[in-house]
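Source file: query.txt; contents: compact mmCIF, C-alpha atoms.
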```txt
# COMPACT_ATOMS: atom_id res chain seq x y z
CA MET A 166 5.47 17.15 25.39
CA SER A 167 5.03 13.45 25.48
CA LYS A 168 7.16 11.06 27.42
CA LYS A 169 10.55 10.55 25.78
CA MET A 170 11.72 7.08 24.90
CA GLN A 171 14.97 5.36 24.12
CA VAL A 172 15.27 4.48 20.43
CA SER A 173 18.05 2.21 19.13
CA ILE A 174 18.71 2.26 15.41
CA THR A 175 21.54 1.09 13.21
CA VAL A 176 22.30 3.57 10.46
CA ASN A 177 24.80 2.69 7.72
CA GLY A 178 26.17 -0.03 9.98
CA GLU A 179 26.63 2.19 13.03
CA ALA A 180 24.49 1.68 16.15
CA HIS A 181 22.87 4.73 17.76
CA ASP A 182 20.90 5.11 20.99
CA LEU A 183 18.78 8.22 21.12
CA LEU A 184 16.33 9.73 23.55
CA THR A 185 13.41 11.01 21.45
CA GLU A 186 9.77 11.81 21.59
CA PRO A 187 7.97 8.93 19.85
CA ARG A 188 6.32 11.41 17.43
CA GLU A 189 9.62 12.67 16.04
CA LEU A 190 9.85 11.71 12.37
CA LEU A 191 12.62 9.43 11.18
CA ILE A 192 13.77 11.98 8.60
CA TYR A 193 14.50 14.51 11.38
CA VAL A 194 16.25 11.91 13.49
CA LEU A 195 18.57 11.23 10.57
CA ARG A 196 19.09 14.84 9.49
CA GLU A 197 19.13 16.77 12.74
CA ARG A 198 20.43 14.32 15.33
CA LEU A 199 22.78 12.18 13.24
CA ASN A 200 23.71 14.98 10.79
CA LEU A 201 23.01 12.70 7.84
CA THR A 202 21.58 15.38 5.57
CA GLY A 203 21.64 13.32 2.36
CA ALA A 204 17.99 12.31 2.56
CA HIS A 205 15.99 15.47 1.95
CA VAL A 206 12.69 16.87 3.16
CA GLY A 207 10.63 17.60 0.06
CA CYS A 208 6.86 17.61 0.36
CA GLU A 209 6.81 16.09 3.86
CA THR A 210 3.50 14.46 2.92
CA SER A 211 4.75 11.08 1.60
CA HIS A 212 4.29 12.03 -2.04
CA CYS A 213 7.67 13.12 -3.40
CA GLY A 214 10.14 10.48 -2.18
CA ALA A 215 13.02 12.94 -1.52
CA CYS A 216 13.27 11.49 2.00
CA THR A 217 13.56 7.87 0.83
CA VAL A 218 15.86 5.67 2.91
CA ASP A 219 16.21 1.91 3.17
CA MET A 220 14.73 0.46 6.36
CA ASN A 221 14.99 -3.28 7.07
CA GLY A 222 15.35 -3.99 3.35
CA LYS A 223 12.47 -1.78 2.20
CA SER A 224 12.46 1.64 0.57
CA VAL A 225 10.53 3.93 2.90
CA LYS A 226 9.62 7.60 3.02
CA ALA A 227 11.30 8.72 6.23
CA CYS A 228 8.79 11.59 6.62
CA THR A 229 6.07 9.00 7.24
CA VAL A 230 7.77 6.89 9.89
CA PHE A 231 7.76 7.87 13.58
CA ALA A 232 11.07 7.49 15.41
CA ALA A 233 9.37 5.03 17.75
CA GLN A 234 8.39 2.76 14.87
CA ALA A 235 12.03 2.67 13.72
CA ASN A 236 13.23 1.39 17.10
CA GLY A 237 15.33 -1.70 16.37
CA ALA A 238 15.56 -1.00 12.63
CA ALA A 239 18.57 -1.16 10.32
CA ILE A 240 18.67 1.87 8.04
CA THR A 241 20.77 2.72 5.02
CA THR A 242 20.93 6.28 3.70
CA ILE A 243 22.70 7.67 0.65
CA GLU A 244 25.75 8.26 2.88
CA GLY A 245 25.93 4.49 3.40
CA LEU A 246 26.00 3.70 -0.31
CA GLY A 247 29.06 5.66 -1.40
CA ASN A 248 31.25 8.67 -0.66
CA PRO A 249 33.10 11.28 -2.75
CA ASP A 250 36.22 9.10 -2.86
CA ALA A 251 34.39 5.90 -3.70
CA LEU A 252 31.14 6.52 -5.51
CA HIS A 253 28.48 3.82 -5.63
CA VAL A 254 27.86 2.51 -9.15
CA LEU A 255 24.52 4.35 -9.20
CA GLN A 256 26.19 7.61 -8.16
CA GLN A 257 28.73 7.09 -10.95
CA THR A 258 26.13 6.37 -13.62
CA PHE A 259 23.90 9.28 -12.50
CA ARG A 260 26.97 11.50 -13.03
CA GLU A 261 27.86 9.99 -16.40
CA HIS A 262 24.32 10.02 -17.80
CA HIS A 263 23.30 13.39 -16.39
CA GLY A 264 20.68 11.76 -14.14
CA LEU A 265 20.36 14.92 -12.08
CA GLN A 266 20.08 18.65 -12.50
CA CYS A 267 19.31 20.44 -9.22
CA GLY A 268 20.08 17.26 -7.26
CA TYR A 269 17.32 17.60 -4.68
CA CYS A 270 15.58 14.32 -5.53
CA THR A 271 18.83 12.45 -6.22
CA PRO A 272 19.61 10.88 -2.82
CA GLY A 273 16.07 9.48 -2.59
CA MET A 274 16.13 8.44 -6.23
CA ILE A 275 19.44 6.56 -5.87
CA THR A 276 18.50 4.96 -2.55
CA ARG A 277 15.26 3.73 -4.14
CA ALA A 278 17.07 2.55 -7.29
CA HIS A 279 19.55 0.65 -5.09
CA ARG A 280 16.73 -1.42 -3.55
CA LEU A 281 15.02 -1.83 -6.92
CA LEU A 282 18.18 -3.33 -8.46
CA LEU A 283 18.69 -5.66 -5.48
CA GLU A 284 15.16 -7.03 -6.05
CA ASN A 285 15.28 -6.96 -9.83
CA PRO A 286 18.90 -6.92 -11.09
CA ASN A 287 17.91 -6.83 -14.75
CA PRO A 288 14.89 -4.55 -15.08
CA THR A 289 13.28 -3.37 -18.29
CA GLU A 290 12.85 0.36 -18.86
CA GLU A 291 9.18 -0.01 -17.95
CA GLU A 292 10.06 -1.78 -14.69
CA VAL A 293 12.49 1.00 -13.80
CA ARG A 294 9.83 3.64 -14.42
CA PHE A 295 7.26 1.70 -12.38
CA GLY A 296 9.84 1.08 -9.65
CA ILE A 297 10.67 4.77 -9.18
CA ALA A 298 7.05 5.93 -9.35
CA GLY A 299 7.26 7.07 -5.72
CA ASN A 300 10.09 9.52 -6.43
CA LEU A 301 9.34 12.82 -8.12
CA CYS A 302 11.87 14.83 -10.15
CA ARG A 303 10.92 18.26 -11.49
CA CYS A 304 14.09 18.81 -13.57
CA THR A 305 15.04 15.89 -15.73
CA GLY A 306 11.77 14.55 -17.12
CA TYR A 307 13.07 11.21 -15.79
CA GLN A 308 14.66 10.20 -19.10
CA ASN A 309 18.25 10.43 -17.89
CA ILE A 310 17.40 9.00 -14.48
CA VAL A 311 16.02 5.89 -16.17
CA LYS A 312 19.13 5.72 -18.38
CA SER A 313 21.39 6.04 -15.33
CA ILE A 314 19.61 3.22 -13.49
CA LEU A 315 19.69 0.92 -16.54
CA ALA A 316 23.39 1.69 -16.99
CA ALA A 317 24.06 0.86 -13.33
CA ALA A 318 22.18 -2.43 -13.73
CA ALA A 319 24.29 -3.33 -16.77
CA GLU A 320 27.50 -2.43 -14.97
CA LEU A 321 26.59 -4.37 -11.82
CA ASN A 322 25.69 -7.41 -13.92
CA ALA A 323 28.93 -7.19 -15.89
CA THR A 324 30.92 -7.00 -12.63
CA LYS A 325 29.02 -10.01 -11.30
CA GLU A 326 29.70 -12.02 -14.46
CA ALA A 327 33.37 -11.10 -14.44
CA ALA A 328 33.64 -12.34 -10.86
CA GLN A 329 32.18 -15.75 -11.75
CA MET B 185 4.52 19.00 10.29
CA ILE B 186 4.57 17.54 13.77
CA ALA B 187 1.90 15.22 15.11
CA ALA B 188 0.36 15.90 18.49
CA ALA B 189 2.16 14.12 21.32
CA PHE B 190 1.22 10.53 22.06
CA GLU B 191 2.32 7.65 24.19
CA TYR B 192 3.74 4.76 22.18
CA HIS B 193 3.01 1.08 22.79
CA ARG B 194 4.50 -1.88 20.97
CA PRO B 195 2.73 -5.03 22.17
CA ALA B 196 4.28 -8.43 21.38
CA ASN B 197 0.99 -10.24 20.80
CA ILE B 198 -2.74 -9.69 20.24
CA ASP B 199 -3.63 -10.08 23.94
CA GLN B 200 -1.23 -7.33 24.96
CA ALA B 201 -2.59 -5.08 22.21
CA LEU B 202 -6.19 -5.68 23.34
CA ASP B 203 -5.13 -4.92 26.88
CA VAL B 204 -3.91 -1.44 25.85
CA LEU B 205 -7.12 -0.82 23.89
CA THR B 206 -9.26 -1.90 26.86
CA ARG B 207 -7.34 0.31 29.28
CA HIS B 208 -7.43 3.45 27.13
CA GLY B 209 -10.73 3.10 25.22
CA ASP B 210 -11.12 5.46 22.30
CA ASP B 211 -7.99 7.42 23.35
CA ALA B 212 -6.04 4.49 21.82
CA ARG B 213 -5.66 3.58 18.18
CA VAL B 214 -3.75 0.78 16.49
CA ILE B 215 -1.21 1.49 13.76
CA ALA B 216 0.10 -0.95 11.14
CA GLY B 217 1.91 0.58 8.15
CA GLY B 218 0.71 4.02 9.18
CA HIS B 219 0.48 5.42 5.67
CA SER B 220 -3.12 6.57 6.16
CA LEU B 221 -2.89 7.38 9.86
CA ILE B 222 0.46 9.21 10.09
CA PRO B 223 -0.44 11.82 7.44
CA MET B 224 -3.72 12.46 9.30
CA MET B 225 -1.81 12.81 12.59
CA LYS B 226 0.71 15.20 11.02
CA LEU B 227 -2.12 17.34 9.66
CA ARG B 228 -3.67 17.19 13.15
CA MET B 229 -6.89 15.96 11.60
CA THR B 230 -6.79 13.26 14.21
CA SER B 231 -5.10 13.18 17.56
CA ILE B 232 -4.35 9.99 19.40
CA GLU B 233 -3.15 9.75 22.97
CA HIS B 234 -2.06 6.12 22.86
CA LEU B 235 -0.62 4.73 19.66
CA VAL B 236 -0.51 0.92 19.58
CA ASP B 237 2.06 -0.28 17.02
CA LEU B 238 1.22 -3.80 15.84
CA GLN B 239 4.50 -4.44 13.95
CA ASP B 240 5.87 -7.07 16.37
CA ILE B 241 2.74 -9.27 16.35
CA ALA B 242 3.92 -12.26 14.31
CA GLU B 243 0.54 -14.03 14.46
CA MET B 244 -0.97 -11.23 12.33
CA LYS B 245 1.50 -11.69 9.47
CA GLY B 246 1.69 -14.04 6.52
CA ILE B 247 -0.32 -15.63 3.74
CA SER B 248 -1.55 -19.23 3.72
CA VAL B 249 -3.45 -21.26 1.15
CA VAL B 250 -5.01 -24.38 2.70
CA ASP B 251 -7.70 -26.56 1.11
CA GLY B 252 -8.67 -23.85 -1.32
CA ARG B 253 -9.07 -21.19 1.37
CA ILE B 254 -6.73 -18.21 1.47
CA THR B 255 -5.94 -16.52 4.78
CA ILE B 256 -4.02 -13.27 4.90
CA GLY B 257 -2.77 -11.78 8.16
CA ALA B 258 -3.79 -8.16 8.59
CA LEU B 259 -0.15 -6.98 8.79
CA THR B 260 0.67 -8.42 5.36
CA THR B 261 1.89 -5.53 3.21
CA GLN B 262 0.80 -4.67 -0.31
CA HIS B 263 4.37 -5.54 -1.34
CA ASP B 264 3.94 -9.02 0.19
CA LEU B 265 0.72 -9.49 -1.83
CA ILE B 266 2.57 -8.62 -5.04
CA THR B 267 5.54 -10.91 -4.46
CA HIS B 268 3.90 -14.05 -3.03
CA PRO B 269 4.10 -16.88 -5.62
CA GLU B 270 1.41 -19.11 -4.07
CA LEU B 271 -1.04 -16.20 -3.82
CA ALA B 272 -0.31 -15.33 -7.44
CA ARG B 273 -1.56 -18.80 -8.40
CA ALA B 274 -4.52 -18.98 -5.98
CA ALA B 275 -5.86 -15.41 -6.32
CA PRO B 276 -3.98 -13.33 -8.90
CA ILE B 277 -6.51 -10.49 -8.60
CA LEU B 278 -4.84 -9.46 -5.31
CA ALA B 279 -1.50 -8.63 -6.89
CA GLU B 280 -3.25 -6.98 -9.83
CA ALA B 281 -5.11 -4.65 -7.46
CA ALA B 282 -2.19 -4.09 -5.07
CA LEU B 283 0.04 -2.96 -7.94
CA GLN B 284 -2.43 -0.14 -8.59
CA ILE B 285 -2.22 1.18 -5.02
CA ALA B 286 0.03 4.18 -4.28
CA ASP B 287 3.74 3.73 -5.12
CA PRO B 288 6.53 1.28 -4.20
CA GLN B 289 7.53 2.95 -0.92
CA VAL B 290 3.92 3.07 0.28
CA ARG B 291 3.32 -0.56 -0.78
CA TYR B 292 6.28 -1.72 1.34
CA MET B 293 4.63 -0.20 4.42
CA GLY B 294 0.90 -0.22 3.72
CA THR B 295 -0.93 -3.31 4.96
CA VAL B 296 -3.99 -5.13 3.70
CA GLY B 297 -5.52 -5.00 7.20
CA GLY B 298 -5.09 -1.25 7.45
CA ASN B 299 -6.48 -0.80 3.97
CA VAL B 300 -9.68 -2.72 4.74
CA ALA B 301 -10.15 -1.61 8.37
CA ASN B 302 -9.71 2.13 7.84
CA GLY B 303 -13.06 2.47 6.10
CA ASP B 304 -11.78 5.07 3.61
CA PRO B 305 -14.02 4.77 0.52
CA GLY B 306 -10.93 5.53 -1.61
CA ASN B 307 -9.07 2.41 -0.47
CA ASP B 308 -8.95 -0.36 -3.07
CA MET B 309 -8.94 -3.52 -0.93
CA PRO B 310 -12.47 -3.14 0.55
CA GLY B 311 -14.19 -3.33 -2.86
CA LEU B 312 -11.92 -6.19 -3.88
CA MET B 313 -12.75 -8.08 -0.66
CA GLN B 314 -16.46 -7.58 -1.30
CA CYS B 315 -15.99 -8.96 -4.80
CA LEU B 316 -14.22 -12.02 -3.32
CA ASP B 317 -16.89 -12.38 -0.58
CA ALA B 318 -14.10 -12.30 2.03
CA MET B 319 -14.55 -12.63 5.78
CA PHE B 320 -12.80 -10.30 8.24
CA THR B 321 -11.82 -11.68 11.64
CA LEU B 322 -12.18 -9.19 14.50
CA VAL B 323 -10.69 -9.96 17.90
CA GLY B 324 -11.84 -8.09 21.00
CA PRO B 325 -12.02 -8.51 24.77
CA ASP B 326 -14.98 -10.88 24.36
CA GLY B 327 -13.26 -13.11 21.84
CA SER B 328 -13.24 -13.41 18.10
CA ARG B 329 -15.95 -12.94 15.48
CA ASP B 330 -16.11 -12.97 11.70
CA VAL B 331 -17.84 -10.27 9.67
CA ALA B 332 -18.42 -10.52 5.92
CA ALA B 333 -16.73 -7.78 3.88
CA ARG B 334 -20.12 -7.15 2.29
CA GLU B 335 -21.56 -6.32 5.76
CA PHE B 336 -18.55 -4.49 7.21
CA TYR B 337 -18.85 -0.96 5.78
CA HIS B 338 -21.57 1.35 7.13
CA SER B 339 -20.42 4.77 5.84
CA ALA B 340 -17.13 6.59 5.29
CA TYR B 341 -14.76 5.54 8.13
CA VAL B 342 -17.63 3.86 9.99
CA THR B 343 -17.39 0.08 10.03
CA ALA B 344 -18.65 -2.91 12.00
CA ARG B 345 -15.38 -2.94 13.99
CA GLY B 346 -15.73 -1.79 17.61
CA ASP B 347 -13.14 0.58 19.12
CA ASP B 348 -11.88 -2.24 21.33
CA GLU B 349 -11.50 -4.71 18.45
CA ILE B 350 -8.57 -5.42 16.12
CA LEU B 351 -9.00 -6.75 12.60
CA THR B 352 -6.49 -9.61 12.62
CA LYS B 353 -6.99 -11.50 9.37
CA ILE B 354 -8.91 -11.83 6.12
CA SER B 355 -9.98 -15.07 4.47
CA PHE B 356 -11.72 -16.06 1.26
CA ALA B 357 -12.07 -19.00 -1.11
CA ALA B 358 -9.51 -19.40 -3.88
CA SER B 359 -11.18 -18.93 -7.21
CA HIS B 360 -10.37 -20.10 -10.70
CA SER B 361 -12.60 -17.42 -12.18
CA GLY B 362 -11.63 -14.89 -14.76
CA TYR B 363 -10.64 -11.74 -12.89
CA ALA B 364 -9.81 -8.09 -13.35
CA TYR B 365 -9.22 -5.02 -11.22
CA GLU B 366 -9.56 -1.82 -13.25
CA LYS B 367 -8.78 1.59 -11.82
CA GLN B 368 -8.91 5.08 -13.25
CA LYS B 369 -6.76 7.59 -11.37
CA ARG B 370 -5.47 11.06 -12.10
CA LYS B 371 -1.82 10.22 -11.45
CA VAL B 372 0.39 7.55 -9.89
CA GLY B 373 -0.39 7.23 -6.23
CA ASP B 374 -3.85 8.76 -6.44
CA TYR B 375 -7.03 7.24 -5.14
CA ALA B 376 -9.49 6.00 -7.74
CA THR B 377 -11.77 8.30 -9.69
CA ALA B 378 -13.51 4.98 -10.27
CA ALA B 379 -12.36 1.39 -9.80
CA CYS B 380 -14.01 -1.98 -10.25
CA ALA B 381 -13.23 -5.60 -9.34
CA ALA B 382 -14.82 -8.39 -11.37
CA LEU B 383 -14.78 -12.19 -11.09
CA ILE B 384 -16.48 -14.28 -13.78
CA THR B 385 -16.86 -18.05 -13.96
CA LYS B 386 -17.93 -19.68 -17.24
CA VAL B 387 -18.84 -23.30 -17.84
CA GLY B 388 -19.40 -24.48 -21.38
CA GLY B 389 -19.52 -20.92 -22.67
CA ARG B 390 -22.16 -19.76 -20.18
CA CYS B 391 -21.57 -17.65 -17.09
CA THR B 392 -22.31 -19.59 -13.89
CA ALA B 393 -21.05 -17.08 -11.34
CA ALA B 394 -20.27 -13.37 -11.47
CA SER B 395 -19.25 -10.84 -8.83
CA VAL B 396 -18.80 -7.11 -9.39
CA ALA B 397 -17.72 -4.56 -6.76
CA MET B 398 -16.70 -0.90 -7.01
CA THR B 399 -14.34 1.51 -5.24
CA ASN B 400 -14.76 5.22 -4.44
CA LEU B 401 -18.15 5.56 -6.10
CA SER B 402 -20.19 5.86 -2.88
CA ASP B 403 -19.26 6.50 0.75
CA THR B 404 -18.63 2.75 1.09
CA PRO B 405 -17.44 0.12 -1.37
CA ILE B 406 -20.37 -1.21 -3.38
CA TRP B 407 -20.93 -4.87 -4.29
CA SER B 408 -23.60 -4.98 -6.98
CA ALA B 409 -25.69 -8.15 -6.78
CA ALA B 410 -27.72 -6.90 -9.76
CA ALA B 411 -24.62 -6.57 -11.96
CA GLY B 412 -23.68 -10.18 -11.22
CA ALA B 413 -27.24 -11.36 -11.86
CA ALA B 414 -27.25 -9.59 -15.24
CA LEU B 415 -24.31 -11.79 -16.35
CA ILE B 416 -25.29 -15.18 -14.92
CA ASP B 417 -26.80 -17.58 -17.48
CA THR B 418 -25.62 -15.44 -20.39
CA THR B 419 -22.65 -15.91 -22.71
CA CYS B 420 -21.35 -12.52 -21.41
CA ASP B 421 -21.80 -11.01 -24.85
CA ALA B 422 -21.83 -7.26 -25.41
CA ASP B 423 -25.53 -6.95 -24.52
CA ALA B 424 -25.07 -8.78 -21.22
CA VAL B 425 -22.06 -6.64 -20.32
CA ARG B 426 -24.07 -3.49 -21.13
CA SER B 427 -26.89 -4.66 -18.84
CA ALA B 428 -24.41 -5.45 -16.07
CA VAL B 429 -22.79 -2.01 -16.35
CA ALA B 430 -26.23 -0.34 -16.21
CA ALA B 431 -27.14 -2.42 -13.14
CA ALA B 432 -23.86 -1.53 -11.41
CA LEU B 433 -24.32 2.17 -12.17
CA SER B 434 -27.76 2.14 -10.57
CA ASP B 435 -26.19 0.88 -7.31
CA ILE B 436 -23.65 3.72 -6.87
CA ASN B 437 -24.00 7.20 -5.46
CA PRO B 438 -20.84 9.19 -6.26
CA THR B 439 -20.31 12.73 -4.98
CA GLY B 440 -18.57 15.53 -6.83
CA ASP B 441 -15.12 16.46 -5.57
CA ASN B 442 -11.67 17.38 -6.92
CA ARG B 443 -11.74 14.22 -9.05
CA GLY B 444 -14.71 15.59 -10.97
CA PRO B 445 -18.44 16.25 -10.86
CA VAL B 446 -21.01 13.48 -10.49
CA GLU B 447 -21.74 13.22 -14.24
CA PHE B 448 -18.04 12.73 -15.00
CA LYS B 449 -17.64 10.09 -12.31
CA ARG B 450 -20.64 8.16 -13.61
CA HIS B 451 -19.17 8.32 -17.10
CA VAL B 452 -15.76 7.07 -15.91
CA ALA B 453 -17.41 4.41 -13.74
CA GLY B 454 -19.35 3.05 -16.73
CA ILE B 455 -16.16 2.67 -18.76
CA ILE B 456 -14.13 1.15 -15.92
CA ILE B 457 -16.87 -1.34 -14.93
CA GLY B 458 -17.25 -2.36 -18.59
CA ARG B 459 -13.49 -2.86 -18.95
CA ALA B 460 -13.25 -4.89 -15.74
CA ILE B 461 -16.10 -7.21 -16.74
CA THR B 462 -14.84 -7.59 -20.31
CA ARG B 463 -11.30 -8.40 -19.19
CA ALA B 464 -12.55 -10.87 -16.54
CA VAL B 465 -14.73 -12.56 -19.18
CA ALA B 466 -11.73 -12.86 -21.52
CA ARG B 467 -9.79 -14.62 -18.76
CA ALA B 468 -12.70 -16.89 -17.69
```
Please, can you express the file's structure as structure tokens?
Amino acid sequence: MSKKMQVSITVNGEAHDLLTEPRELLIYVLRERLNLTGAHVGCETSHCGACTVDMNGKSVKACTVFAAQANGAAITTIEGLGNPDALHVLQQTFREHHGLQCGYCTPGMITRAHRLLLENPNPTEEEVRFGIAGNLCRCTGYQNIVKSILAAAAELNATKEAAQ
Amino acid sequence: MIAAAFEYHRPANIDQALDVLTRHGDDARVIAGGHSLIPMMKLRMTSIEHLVDLQDIAEMKGISVVDGRITIGALTTQHDLITHPELARAAPILAEAALQIADPQVRYMGTVGGNVANGDPGNDMPGLMQCLDAMFTLVGPDGSRDVAAREFYHSAYVTARGDDEILTKISFAASHSGYAYEKQKRKVGDYATAACAALITKVGGRCTAASVAMTNLSDTPIWSAAAGAALIDTTCDADAVRSAVAAALSDINPTGDNRGPVEFKRHVAGIIIGRAITRAVARA
């Protein structure tokens, strides 16, 4: 056992102080200490993207970040994007366009798509495919995921225009 | 997968980081984005007693273009390289190469310094830096020194960097050459089966300068002086490109692995080198 350390992180707007071993992985901090089980453990080798969360404005694979590195970070997980009573636009469009089958990759996929659309609000299909290249899905063949993300982009842009 | 236990350090500046390295010798290791090191630690292929996280060291971040010289802090991420407008004008080959590394999540974390310092023959930035004739700045307890990228790599994971030194920045001259970074990989996120960086300058239809370097085709990146020489003073026609490819192929020493046997790698390398040179010539 290594020396434990105090880690302060803000997750979905809520501040947490935790005593952890520095080697603990961020994904386990989120899932097992904070009970935020939306982000999944898939390959645990930074290939599949099921554990994707947003950290300081970047999409990261939470299986490849030590708790100690996340000290001071602001993190958003799928739980911070929407909830069953108020779905995020991406959650809505994934439902409408059948962007998921088993659902295992979905939290990572949507969290990644959320950051992608913040950086590029009007992506082409090719840019969507390139932008989600770090997230694997073994069910859908990606077609409906891409459709869902493009539909969310269109809806977000329409809402923005209506507000202006 | 749980890494072996370590003590964590997060120094605020280079001096503090060097101090930890000096105190703990080869029990200490620096970490930047961690996307090469953390997987190795989780697999227990390496164990580190003192992990020195460089993320708070502001003086190792950022990109500057001054008087035609580009300086990139070692902690600059691949994502930063892709999205920096001034760098896109001064050295567009960096974004072209960075976009072919790993996937978006890894590019947000992975740094250019980690990519060049690690000494993994599969990393893309070392070959690119040899093509650009970049200098690496190493800072240690005895001060700072510069090592040319073309002199830095000794064998796989063995470089000119001492255990008590930190690679803090990279610099190279901006170039208005034609450029290309070509990479063949099995799937998104994979290391290269073969990759090649090319820079070509033409004046009045004739090639005046040419630089060709390759990734993952030997246990170090390979800069081929002979390939460049085969292009200089030619019009870079098909014959000249064929000679340059042949010269480059005689400088590599690939080994068979799960990306294919030696014959296959040489075949892929020939095609990739030819494409890189041809595309750089078209842009020159």
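CA of Thr242 (chain A) to CA of Ser224 (chain A) spans 10.2 Å [interatomic distance, one decimal].
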Near region 173-175 of chain A, counting only C-alpha atoms, which residues have an atom at most 12 Å away, once you skip same-chain residues fewer than 6 positions from it, shown as a ChimeraX atom specification? /A:181-185,191,194-195,199,219-221,232-242,245
Interface list for chain A, partner chain B, 10 Å threshold, all atoms listed in the file, as a JSON list (two decimals) with C-alpha atoms, keeping the file's coordinate frame:
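Output file iface-v6.json is given in full below:
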```
[["chain", "number", "residue", "atom", "x", "y", "z"],
["A", 166, "MET", "CA", 5.47, 17.15, 25.39],
["A", 167, "SER", "CA", 5.03, 13.45, 25.48],
["A", 168, "LYS", "CA", 7.16, 11.06, 27.42],
["A", 169, "LYS", "CA", 10.55, 10.55, 25.78],
["A", 170, "MET", "CA", 11.72, 7.08, 24.90],
["A", 186, "GLU", "CA", 9.77, 11.81, 21.59],
["A", 187, "PRO", "CA", 7.97, 8.93, 19.85],
["A", 188, "ARG", "CA", 6.32, 11.41, 17.43],
["A", 189, "GLU", "CA", 9.62, 12.67, 16.04],
["A", 190, "LEU", "CA", 9.85, 11.71, 12.37],
["A", 209, "GLU", "CA", 6.81, 16.09, 3.86],
["A", 210, "THR", "CA", 3.50, 14.46, 2.92],
["A", 211, "SER", "CA", 4.75, 11.08, 1.60],
["A", 212, "HIS", "CA", 4.29, 12.03, -2.04],
["A", 214, "GLY", "CA", 10.14, 10.48, -2.18],
["A", 217, "THR", "CA", 13.56, 7.87, 0.83],
["A", 218, "VAL", "CA", 15.86, 5.67, 2.91],
["A", 219, "ASP", "CA", 16.21, 1.91, 3.17],
["A", 222, "GLY", "CA", 15.35, -3.99, 3.35],
["A", 223, "LYS", "CA", 12.47, -1.78, 2.20],
["A", 224, "SER", "CA", 12.46, 1.64, 0.57],
["A", 225, "VAL", "CA", 10.53, 3.93, 2.90],
["A", 226, "LYS", "CA", 9.62, 7.60, 3.02],
["A", 227, "ALA", "CA", 11.30, 8.72, 6.23],
["A", 228, "CYS", "CA", 8.79, 11.59, 6.62],
["A", 229, "THR", "CA", 6.07, 9.00, 7.24],
["A", 230, "VAL", "CA", 7.77, 6.89, 9.89],
["A", 231, "PHE", "CA", 7.76, 7.87, 13.58],
["A", 233, "ALA", "CA", 9.37, 5.03, 17.75],
["A", 234, "GLN", "CA", 8.39, 2.76, 14.87],
["A", 277, "ARG", "CA", 15.26, 3.73, -4.14],
["A", 281, "LEU", "CA", 15.02, -1.83, -6.92],
["A", 295, "PHE", "CA", 7.26, 1.70, -12.38],
["A", 296, "GLY", "CA", 9.84, 1.08, -9.65],
["A", 297, "ILE", "CA", 10.67, 4.77, -9.18],
["A", 298, "ALA", "CA", 7.05, 5.93, -9.35],
["A", 299, "GLY", "CA", 7.26, 7.07, -5.72],
["A", 300, "ASN", "CA", 10.09, 9.52, -6.43]]
```
Provide the CA of Asp210 (chain B) to CA of Asp347 (chain B) distance in Å, to one decimal place. 6.2 Å
Write out, as a Markdown table, each residue of region 221-287 of chain B that has an atom at most 6 Å from region 296-314 of chain B, together with the closest pair of atoms and their distance in Å to one decimal, counting all atoms listed in the file, rows going by chain and rising number.
```
| residue | atom | partner | partner_atom | distance |
| --- | --- | --- | --- | --- |
| B:Ala258 | CA | B:Gly297 | CA | 3.9 |
| B:Leu259 | CA | B:Gly297 | CA | 5.9 |
| B:Thr260 | CA | B:Val296 | CA | 5.9 |
| B:Thr261 | CA | B:Val296 | CA | 5.9 |
```
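Between CA of Ala242 (chain B) and CA of Thr352 (chain B) the interatomic distance comes to 10.9 Å.
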What lies within 9 Å of Ile310 (chain A) using only C-alpha atoms, ignoring chain neighbours under 5 positions off, as a ChimeraX atom specification? /A:259,262-265,274,305,315
Is there a way to complete region 358-365 of chain B with N, CA and C atoms and then write that out as a short mmCIF file (atom, residue, chain, number, x, y, z; two decimals), in the coordinates of the input?
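Just written: result_8.cif:
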```cif
data_model
loop_
_atom_site.label_atom_id
_atom_site.label_comp_id
_atom_site.auth_asym_id
_atom_site.auth_seq_id
_atom_site.Cartn_x
_atom_site.Cartn_y
_atom_site.Cartn_z
N ALA B 358 -10.27 -19.54 -2.63
CA ALA B 358 -9.51 -19.40 -3.88
C ALA B 358 -10.48 -19.56 -5.03
N SER B 359 -10.24 -18.82 -6.10
CA SER B 359 -11.18 -18.93 -7.21
C SER B 359 -10.41 -19.12 -8.51
N HIS B 360 -10.99 -19.92 -9.40
CA HIS B 360 -10.37 -20.10 -10.70
C HIS B 360 -11.13 -19.31 -11.75
N SER B 361 -11.81 -18.26 -11.28
CA SER B 361 -12.60 -17.42 -12.18
C SER B 361 -11.69 -16.53 -13.00
N GLY B 362 -12.27 -16.01 -14.10
CA GLY B 362 -11.63 -14.89 -14.76
C GLY B 362 -11.72 -13.69 -13.85
N TYR B 363 -10.69 -12.84 -13.87
CA TYR B 363 -10.64 -11.74 -12.89
C TYR B 363 -10.11 -10.48 -13.54
N ALA B 364 -10.44 -9.35 -12.95
CA ALA B 364 -9.81 -8.09 -13.35
C ALA B 364 -10.07 -7.05 -12.28
N TYR B 365 -9.05 -6.22 -12.04
CA TYR B 365 -9.22 -5.02 -11.22
C TYR B 365 -8.83 -3.84 -12.08
#
```
